[in-house]
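This is model.cif (mmCIF, C-alpha atoms).
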data_entry
loop_
_atom_site.group_PDB
_atom_site.id
_atom_site.type_symbol
_atom_site.label_atom_id
_atom_site.label_comp_id
_atom_site.auth_asym_id
_atom_site.auth_seq_id
_atom_site.Cartn_x
_atom_site.Cartn_y
_atom_site.Cartn_z
ATOM 1 C CA MET A 8 11.919 35.638 6.325
ATOM 2 C CA LEU A 9 13.765 36.732 9.443
ATOM 3 C CA VAL A 10 16.574 34.450 10.630
ATOM 4 C CA VAL A 11 17.581 35.041 14.266
ATOM 5 C CA GLU A 12 20.779 33.050 14.781
ATOM 6 C CA ASP A 13 24.075 34.035 16.418
ATOM 7 C CA ASP A 14 26.140 31.145 15.001
ATOM 8 C CA GLN A 15 27.616 32.663 11.851
ATOM 9 C CA PHE A 16 28.107 29.309 10.121
ATOM 10 C CA VAL A 17 24.507 28.182 10.711
ATOM 11 C CA ARG A 18 23.223 31.644 9.880
ATOM 12 C CA SER A 19 25.069 31.780 6.556
ATOM 13 C CA ALA A 20 23.854 28.313 5.593
ATOM 14 C CA LEU A 21 20.236 29.236 6.365
ATOM 15 C CA ILE A 22 20.472 32.493 4.432
ATOM 16 C CA ARG A 23 21.982 30.715 1.433
ATOM 17 C CA HIS A 24 19.335 27.981 1.420
ATOM 18 C CA LEU A 25 16.410 30.361 1.870
ATOM 19 C CA THR A 26 17.707 32.746 -0.775
ATOM 20 C CA GLU A 27 18.164 29.888 -3.239
ATOM 21 C CA ALA A 28 14.537 28.945 -2.538
ATOM 22 C CA ALA A 29 13.505 32.472 -3.683
ATOM 23 C CA HIS A 30 12.805 33.864 -0.214
ATOM 24 C CA THR A 31 13.756 37.394 0.775
ATOM 25 C CA VAL A 32 15.849 37.025 3.906
ATOM 26 C CA ARG A 33 16.945 39.375 6.649
ATOM 27 C CA SER A 34 19.078 38.083 9.501
ATOM 28 C CA VAL A 35 20.224 39.200 12.926
ATOM 29 C CA GLY A 36 22.290 37.692 15.707
ATOM 30 C CA THR A 37 20.575 38.984 18.858
ATOM 31 C CA ALA A 38 17.118 39.079 20.374
ATOM 32 C CA LEU A 39 17.034 42.889 20.594
ATOM 33 C CA GLU A 40 17.900 43.187 16.912
ATOM 34 C CA ALA A 41 15.112 40.728 16.134
ATOM 35 C CA LEU A 42 12.602 42.833 18.041
ATOM 36 C CA ARG A 43 13.687 45.939 16.143
ATOM 37 C CA GLU A 44 13.362 44.117 12.815
ATOM 38 C CA VAL A 45 9.860 42.849 13.579
ATOM 39 C CA ALA A 46 8.817 46.321 14.713
ATOM 40 C CA HIS A 47 9.913 47.884 11.416
ATOM 41 C CA PHE A 48 9.327 45.173 8.786
ATOM 42 C CA ARG A 49 6.566 42.700 7.973
ATOM 43 C CA PHE A 50 7.746 39.069 7.839
ATOM 44 C CA ASP A 51 6.006 35.862 6.774
ATOM 45 C CA VAL A 52 8.046 33.624 9.094
ATOM 46 C CA VAL A 53 10.635 34.092 11.846
ATOM 47 C CA ILE A 54 13.189 31.339 12.475
ATOM 48 C CA LEU A 55 14.320 31.860 16.068
ATOM 49 C CA ASP A 56 17.364 30.280 17.692
ATOM 50 C CA LEU A 57 17.140 29.874 21.467
ATOM 51 C CA GLY A 58 20.825 30.261 22.375
ATOM 52 C CA LEU A 59 21.162 33.982 21.740
ATOM 53 C CA PRO A 60 23.958 36.005 23.414
ATOM 54 C CA ASP A 61 21.858 38.823 24.857
ATOM 55 C CA LEU A 62 18.554 37.173 25.777
ATOM 56 C CA ASP A 63 17.309 33.607 25.918
ATOM 57 C CA GLY A 64 15.226 32.815 22.861
ATOM 58 C CA SER A 65 12.259 31.762 24.984
ATOM 59 C CA GLU A 66 12.145 35.252 26.497
ATOM 60 C CA ALA A 67 12.557 36.750 23.041
ATOM 61 C CA LEU A 68 9.593 34.686 21.888
ATOM 62 C CA LYS A 69 7.387 36.136 24.615
ATOM 63 C CA MET A 70 8.432 39.646 23.651
ATOM 64 C CA LEU A 71 7.808 38.953 19.966
ATOM 65 C CA ARG A 72 4.331 37.694 20.786
ATOM 66 C CA GLY A 73 3.674 40.968 22.538
ATOM 67 C CA ILE A 74 4.020 42.924 19.297
ATOM 68 C CA THR A 75 3.253 40.520 16.430
ATOM 69 C CA ASP A 76 1.398 37.359 15.389
ATOM 70 C CA VAL A 77 4.030 36.423 12.791
ATOM 71 C CA PRO A 78 4.554 32.642 12.666
ATOM 72 C CA VAL A 79 7.655 31.632 14.637
ATOM 73 C CA ILE A 80 9.618 28.420 14.115
ATOM 74 C CA ILE A 81 11.978 27.650 16.985
ATOM 75 C CA ALA A 82 15.390 26.222 16.099
ATOM 76 C CA THR A 83 16.798 24.582 19.203
ATOM 77 C CA ALA A 84 19.359 22.055 20.349
ATOM 78 C CA ARG A 85 17.176 21.407 23.407
ATOM 79 C CA ASP A 86 14.977 18.321 23.261
ATOM 80 C CA ASP A 87 13.558 18.381 26.782
ATOM 81 C CA GLU A 88 9.801 17.804 26.624
ATOM 82 C CA SER A 89 8.983 20.364 29.318
ATOM 83 C CA GLU A 90 11.012 22.970 27.418
ATOM 84 C CA ILE A 91 9.168 22.207 24.181
ATOM 85 C CA VAL A 92 5.834 22.387 25.985
ATOM 86 C CA ARG A 93 6.746 25.790 27.400
ATOM 87 C CA LEU A 94 7.824 27.124 24.008
ATOM 88 C CA LEU A 95 4.636 26.020 22.283
ATOM 89 C CA ASN A 96 2.598 27.406 25.132
ATOM 90 C CA ASP A 97 4.428 30.724 24.846
ATOM 91 C CA GLY A 98 3.356 31.081 21.229
ATOM 92 C CA ALA A 99 5.763 29.159 18.999
ATOM 93 C CA ASP A 100 4.081 27.795 15.869
ATOM 94 C CA ASP A 101 6.547 24.962 15.390
ATOM 95 C CA TYR A 102 9.985 23.828 16.436
ATOM 96 C CA LEU A 103 12.962 21.992 14.962
ATOM 97 C CA THR A 104 15.616 20.205 16.986
ATOM 98 C CA LYS A 105 19.182 20.798 15.830
ATOM 99 C CA PRO A 106 20.767 19.439 13.772
ATOM 100 C CA PHE A 107 18.089 19.468 11.075
ATOM 101 C CA SER A 108 18.191 19.224 7.305
ATOM 102 C CA VAL A 109 17.290 22.082 5.006
ATOM 103 C CA GLU A 110 14.601 19.819 3.524
ATOM 104 C CA HIS A 111 13.017 19.415 6.958
ATOM 105 C CA LEU A 112 13.130 23.164 7.525
ATOM 106 C CA SER A 113 11.567 23.775 4.097
ATOM 107 C CA ALA A 114 8.709 21.383 4.859
ATOM 108 C CA ARG A 115 7.985 23.031 8.217
ATOM 109 C CA MET A 116 8.153 26.508 6.703
ATOM 110 C CA ALA A 117 5.798 25.533 3.875
ATOM 111 C CA ALA A 118 3.317 24.136 6.393
ATOM 112 C CA VAL A 119 3.453 27.281 8.539
ATOM 113 C CA LEU A 120 2.967 29.483 5.466
ATOM 114 C CA ARG A 121 0.008 27.396 4.277
ATOM 115 C CA ARG A 122 -1.659 27.778 7.654
ATOM 116 C CA SER A 123 -0.957 31.510 7.741
ATOM 117 C CA ARG A 124 -2.317 32.122 4.254
ATOM 118 C CA ALA A 125 -5.335 29.895 4.815
ATOM 119 C CA SER A 126 -6.193 31.815 7.974
ATOM 120 C CA ALA A 127 -6.010 35.070 6.040
ATOM 121 C CA GLY A 128 -8.312 33.968 3.229
ATOM 122 C CA GLU A 129 -10.492 31.192 4.574
ATOM 123 C CA ALA A 130 -14.296 31.119 4.359
ATOM 124 C CA PRO A 131 -16.344 32.186 7.409
ATOM 125 C CA PRO A 132 -15.968 29.565 10.153
ATOM 126 C CA PRO A 133 -18.890 27.384 11.255
ATOM 127 C CA ARG A 134 -21.245 28.513 13.974
ATOM 128 C CA VAL A 135 -21.226 27.279 17.570
ATOM 129 C CA ILE A 136 -20.343 23.604 18.114
ATOM 130 C CA GLN A 137 -21.825 21.952 21.194
ATOM 131 C CA VAL A 138 -20.504 18.640 22.554
ATOM 132 C CA GLY A 139 -21.805 17.842 26.005
ATOM 133 C CA GLY A 140 -20.746 20.704 28.270
ATOM 134 C CA LEU A 141 -18.303 21.988 25.656
ATOM 135 C CA SER A 142 -19.340 25.026 23.635
ATOM 136 C CA ILE A 143 -17.019 26.174 20.835
ATOM 137 C CA ASP A 144 -17.496 29.318 18.769
ATOM 138 C CA PRO A 145 -15.033 29.193 15.833
ATOM 139 C CA LEU A 146 -16.046 32.644 14.616
ATOM 140 C CA ARG A 147 -15.065 34.330 17.880
ATOM 141 C CA ARG A 148 -12.445 31.674 18.669
ATOM 142 C CA GLN A 149 -13.925 31.164 22.114
ATOM 143 C CA ALA A 150 -14.584 27.941 23.998
ATOM 144 C CA GLU A 151 -16.410 27.219 27.232
ATOM 145 C CA LEU A 152 -16.735 24.170 29.449
ATOM 146 C CA ASP A 153 -19.904 24.037 31.528
ATOM 147 C CA GLY A 154 -20.278 27.792 31.053
ATOM 148 C CA ALA A 155 -16.722 28.653 32.154
ATOM 149 C CA PRO A 156 -14.353 30.151 29.533
ATOM 150 C CA LEU A 157 -11.387 28.018 28.490
ATOM 151 C CA ASP A 158 -8.039 29.767 28.126
ATOM 152 C CA LEU A 159 -6.660 28.023 25.028
ATOM 153 C CA THR A 160 -3.683 28.719 22.813
ATOM 154 C CA ARG A 161 -4.307 29.064 19.083
ATOM 155 C CA ARG A 162 -3.219 25.492 18.317
ATOM 156 C CA GLU A 163 -5.137 24.041 21.272
ATOM 157 C CA PHE A 164 -8.276 25.772 20.003
ATOM 158 C CA ASP A 165 -7.749 24.476 16.460
ATOM 159 C CA LEU A 166 -7.235 20.916 17.694
ATOM 160 C CA LEU A 167 -10.254 21.017 19.989
ATOM 161 C CA THR A 168 -12.458 22.494 17.252
ATOM 162 C CA PHE A 169 -11.373 19.896 14.694
ATOM 163 C CA LEU A 170 -12.108 16.990 17.054
ATOM 164 C CA ALA A 171 -15.373 18.535 18.300
ATOM 165 C CA GLY A 172 -16.579 18.792 14.719
ATOM 166 C CA ARG A 173 -16.326 14.984 14.521
ATOM 167 C CA PRO A 174 -17.696 13.823 17.893
ATOM 168 C CA GLY A 175 -17.336 10.123 18.556
ATOM 169 C CA VAL A 176 -15.148 9.640 15.471
ATOM 170 C CA VAL A 177 -11.638 8.256 15.950
ATOM 171 C CA VAL A 178 -9.334 10.597 14.034
ATOM 172 C CA PRO A 179 -5.968 9.093 13.019
ATOM 173 C CA ARG A 180 -2.901 10.991 14.161
ATOM 174 C CA LYS A 181 -1.788 11.352 10.549
ATOM 175 C CA GLU A 182 -5.048 13.160 9.780
ATOM 176 C CA LEU A 183 -4.573 15.464 12.768
ATOM 177 C CA LEU A 184 -1.088 16.378 11.561
ATOM 178 C CA ALA A 185 -2.441 17.035 8.060
ATOM 179 C CA GLU A 186 -5.557 18.991 9.028
ATOM 180 C CA VAL A 187 -4.529 20.857 12.189
ATOM 181 C CA TRP A 188 -0.780 21.261 11.634
ATOM 182 C CA GLN A 189 -0.827 21.082 7.808
ATOM 183 C CA LEU A 190 2.006 18.535 7.920
ATOM 184 C CA SER A 191 2.316 15.421 5.782
ATOM 185 C CA TYR A 192 4.552 13.873 8.432
ATOM 186 C CA GLY A 193 5.781 14.762 11.869
ATOM 187 C CA ASP A 194 6.518 13.729 15.430
ATOM 188 C CA ASP A 195 3.572 12.359 17.421
ATOM 189 C CA GLN A 196 5.022 14.204 20.428
ATOM 190 C CA THR A 197 3.566 17.423 19.030
ATOM 191 C CA ILE A 198 0.060 15.936 19.212
ATOM 192 C CA ASP A 199 0.668 14.377 22.629
ATOM 193 C CA VAL A 200 1.851 17.699 24.071
ATOM 194 C CA HIS A 201 -1.255 19.553 22.884
ATOM 195 C CA LEU A 202 -3.586 16.761 24.011
ATOM 196 C CA SER A 203 -1.951 16.895 27.445
ATOM 197 C CA TRP A 204 -2.609 20.636 27.665
ATOM 198 C CA LEU A 205 -6.207 20.234 26.531
ATOM 199 C CA ARG A 206 -6.854 17.463 29.048
ATOM 200 C CA ARG A 207 -5.515 19.636 31.843
ATOM 201 C CA LYS A 208 -7.770 22.513 30.834
ATOM 202 C CA LEU A 209 -10.762 20.191 30.457
ATOM 203 C CA GLY A 210 -10.158 18.859 33.977
ATOM 204 C CA GLU A 211 -9.220 15.340 32.967
ATOM 205 C CA THR A 212 -6.211 13.079 32.539
ATOM 206 C CA ALA A 213 -5.195 10.402 30.053
ATOM 207 C CA ALA A 214 -5.861 7.790 32.747
ATOM 208 C CA ARG A 215 -9.287 9.257 33.550
ATOM 209 C CA PRO A 216 -10.580 10.847 30.331
ATOM 210 C CA ARG A 217 -13.905 12.637 30.062
ATOM 211 C CA TYR A 218 -13.915 14.145 26.577
ATOM 212 C CA LEU A 219 -10.619 13.198 24.960
ATOM 213 C CA HIS A 220 -9.962 9.514 24.372
ATOM 214 C CA THR A 221 -6.734 8.143 22.882
ATOM 215 C CA LEU A 222 -6.850 4.745 21.196
ATOM 216 C CA ARG A 223 -3.299 3.481 21.172
ATOM 217 C CA GLY A 224 -2.054 2.887 17.664
ATOM 218 C CA VAL A 225 -5.294 4.178 16.124
ATOM 219 C CA GLY A 226 -6.011 7.807 16.909
ATOM 220 C CA VAL A 227 -7.951 10.256 19.069
ATOM 221 C CA LYS A 228 -11.644 10.947 19.529
ATOM 222 C CA LEU A 229 -13.677 13.527 21.382
ATOM 223 C CA GLU A 230 -17.077 12.709 22.786
ATOM 224 C CA PRO A 231 -19.173 13.926 25.710
ATOM 225 C CA PRO A 232 -18.997 12.090 29.033
ATOM 226 C CA GLY A 233 -21.125 8.974 28.705
ATOM 227 C CA GLY A 234 -20.678 8.906 24.942
ATOM 228 C CA SER A 235 -23.991 10.594 24.113
ATOM 229 C CA ARG A 236 -23.904 12.472 20.830
ATOM 230 C CA SER A 237 -27.281 14.111 21.037
ATOM 231 C CA GLY A 238 -27.277 17.782 20.186
ATOM 232 C CA HIS A 239 -23.562 17.791 19.461
ATOM 233 C CA GLN A 240 -23.713 20.423 16.729
ATOM 234 C CA GLN A 241 -25.924 23.452 16.874
ATOM 235 C CA GLY A 242 -25.853 25.265 13.568
ATOM 236 C CA HIS A 243 -22.652 23.470 12.549
ATOM 237 C CA GLN A 244 -21.978 23.957 8.854
ATOM 238 C CA ARG A 245 -19.765 21.586 6.904
#

Give the structure from the file, written as structure tokens.
Amino acid sequence: MLVVEDDQFVRSALIRHLTEAAHTVRSVGTALEALREVAHFRFDVVILDLGLPDLDGSEALKMLRGITDVPVIIATARDDESEIVRLLNDGADDYLTKPFSVEHLSARMAAVLRRSRASAGEAPPPRVIQVGGLSIDPLRRQAELDGAPLDLTRREFDLLTFLAGRPGVVVPRKELLAEVWQLSYGDDQTIDVHLSWLRRKLGETAARPRYLHTLRGVGVKLEPPGGSRSGHQQGHQR
């Protein structure tokens, strides 16, 4: 684990907790040190504070993403939705709002590690999924809408693929957290943020949905415009 935190008290507490949990921990207090560490060592998870003295953590995140795909959990005192949206869009795998408990951090880390390890050893993905004008190729991790490529983040693609594999089925939010985020509990805001991004890229809004439909208090479903399910899966393997 790499802990990037300039507050010595918080940093020491994180190192102590992670070490007690049998993790090997390295820690730094600046963004430039973090970049050097990632360039020279292989980490399972990076815990990145945003309020760094030399470079804002959001900029550090972008630079990290330029050299590594290591899972990054943002630790931030900022709870502004637009800020969280930007961080997730820039490549963060998860985020925690300070102050947080070590138990909460452990749960998020375990979920990120499960996803990372599953991605490394999972069975070959299903073949192309077709839902209306949506075409999703899990093997190549490519998606198109009416023949035009969709520029999706990793989590957006995973969410879209999961829903497209169950067209017309209302998926509870708890199931989305468990299957897409590998979390047994969590904040619905995470789902709402990613649904908002997907709607924008699919050319729709929550008020005027085409593919993505939210049933308040129930869950989310994806279906083609008009609700037709004919030919929704070509070569889809379950």

Please check which residues have atoms at most 6 Å from (20.3, 38.5, 11.7) in the file's coordinates, counting all atoms listed in the file, and write them as a VMD selection string. chain A and resid 10 to 11 34 to 36

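Nearest residue to Pro174 in chain A among A:Arg147, A:His220, A:Lys228, A:Lys208 is A:Lys228, counting only C-alpha atoms.
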
Do a neighbour search on Phe107 in chain A at 10 Å with all atoms listed in the file, toss out local chain neighbours closer than 5 positions, and write the hits as a short mmCIF file (atom, residue, chain, number, x, y, z; two decimals) with C-alpha atoms, in the frame of the given file.
data_model
loop_
_atom_site.label_atom_id
_atom_site.label_comp_id
_atom_site.auth_asym_id
_atom_site.auth_seq_id
_atom_site.Cartn_x
_atom_site.Cartn_y
_atom_site.Cartn_z
CA ALA A 82 15.39 26.22 16.10
CA THR A 83 16.80 24.58 19.20
CA ALA A 84 19.36 22.06 20.35
CA LEU A 112 13.13 23.16 7.52
#

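For the point (-6.1, 24.7, 9.7) in file coordinates, the residues within 7 Å, using only C-alpha atoms, are Arg122, Asp165, Glu186, Val187, Trp188 and Gln189 of chain A.
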
Carefully work through the PyMOL selection byres ((chain A and resi 58) around 9) for this structure and note down the residues it includes, as a PyMOL selection string. chain A and resi 12-13+56-57+59-64+83-84

Would you kindly return, as a short mmCIF file (atom, residue, chain, number, x, y, z; two decimals) with C-alpha atoms, keeping the file's coordinate frame, each protein, DNA or RNA residue with an atom no farther than 10 Å from any atom of Pro156 in chain A, considering all atoms listed in the file and excluding same-chain residues fewer than 6 positions away?
data_model
loop_
_atom_site.label_atom_id
_atom_site.label_comp_id
_atom_site.auth_asym_id
_atom_site.auth_seq_id
_atom_site.Cartn_x
_atom_site.Cartn_y
_atom_site.Cartn_z
CA LEU A 141 -18.30 21.99 25.66
CA SER A 142 -19.34 25.03 23.64
CA ILE A 143 -17.02 26.17 20.84
CA GLN A 149 -13.92 31.16 22.11
CA ALA A 150 -14.58 27.94 24.00
#

Of the listed residues A:Thr75, A:Ser19, A:Ser108, A:Gln137, that which approaches Ala46 in chain A most closely, counting only C-alpha atoms: A:Thr75

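Each of A:Val225, A:Leu103, A:Leu71, A:Leu190 was compared to Val177 in chain A using all atoms listed in the file, and A:Val225 turns out to be the nearest.
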
Could you tell me, as a PyMOL selection string, exactly which residues end up selected when the PyMOL selection byres ((chain A and resi 167) around 12) is applied to this structure? chain A and resi 136-138+141-145+148-152+157+159-166+168-174+183+187+198+201-206+208-209+218-219+227-230

Any chance you could work out the residue set of the PyMOL selection byres ((chain A and resi 52) around 12) here, as a ChimeraX atom specification? /A:8-11,25,30-34,45,48-51,53-55,75-81,99-101,112-113,115-124

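Take CA of Ala38 in chain A and CA of Gly73 in chain A: the distance between them is 13.7 Å.
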